[in-house]
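Here is the structure we will look at, set down as structure tokens.
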Amino acid sequence: MKMLTPIKLGPIELRNRVVSTAHAAYTDFWQAGNTGERYMAYQERRSEGGTGLIILTAMHVHHSSQIPGHYVYEAEDIAKKYQQMSTRVHRHGAKIIQQLFHFGVQQKSDPRDDWTPLWGFSGTTSLAGEVSHKMSDA
């Protein structure tokens, strides 16, 4: 049965083809000051159960993507959590990757506290009629 045989994904060798895809679970993991224990234990159980690859819940890559109820990581805080998470998941043989996310022009800027403009790959207009700030290559 191929499902349980190893496979290479680029430079990464997975122990099998069982993948836990990104899904919203314990999203307070990204909240600064939260220990993240529930989410780490949740992912560790997947590794213990034999999952080959774990894809973490989508993480906002920039504060311009933040809306109420969504947390944007703080670099120092998340680095410690990632170290702990990867140690726990790797201990049982799974690999782990992070899905990255930005709302872009799929939201409105007014729910955010800082009123920063929407960011997009181009100066596209959102469905709400708001023109986005064009992101640069820098």
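Starting from 1 in every chain, residues are counted up; chains themselves are A, B, ... following the order of the structure tokens, and ligands are numbered from 1 as listed.
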Spatial neighbours of Val89 in chain A, max dist 8 Å, only C-alpha atoms, sep filter under 4 positions, as a list in words: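 Listing them by chain and then by number gives Gln43, Glu44, Ser47, Glu48, Met85, Gly93, Ala94, Lys95 and Ile96 of chain A.
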List the neighbours of range 122-133 of chain A out to 7 Å using only C-alpha atoms; skip same-chain residues closer than 5 positions along the sequence, and give me the result as a CSV table (one decimal) with N, CA and C atoms, in the first residue's frame.
chain,number,residue,atom,x,y,z
A,105,VAL,N,-6.7,42.0,-0.4
A,105,VAL,CA,-7.8,42.9,-0.7
A,105,VAL,C,-9.2,42.2,-0.4
A,106,GLN,N,-9.1,41.1,0.3
A,106,GLN,CA,-10.3,40.3,0.6
A,106,GLN,C,-11.0,40.8,1.9
A,108,LYS,N,-11.7,44.6,4.6
A,108,LYS,CA,-11.8,46.1,4.6
A,108,LYS,C,-10.8,46.6,5.7
A,117,PRO,N,-4.0,51.0,5.4
A,117,PRO,CA,-4.8,50.6,4.2
A,117,PRO,C,-4.6,49.1,3.9
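Of the residues listed (A:Ser64, A:Gln98, A:Lys134, A:Ser109), A:Gln98 shows the shortest atom-to-atom separation from Tyr82 in chain A; distances use only C-alpha atoms.
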Minimum-distance residue to Glu76 in chain A, chosen among A:Pro6, A:Gly33, A:Gly49, A:Gly120 (using only C-alpha atoms): A:Gly33
Residues of chain A in alpha helix (DSSP H), written as a ChimeraX atom specification: /A:37-48,75-90
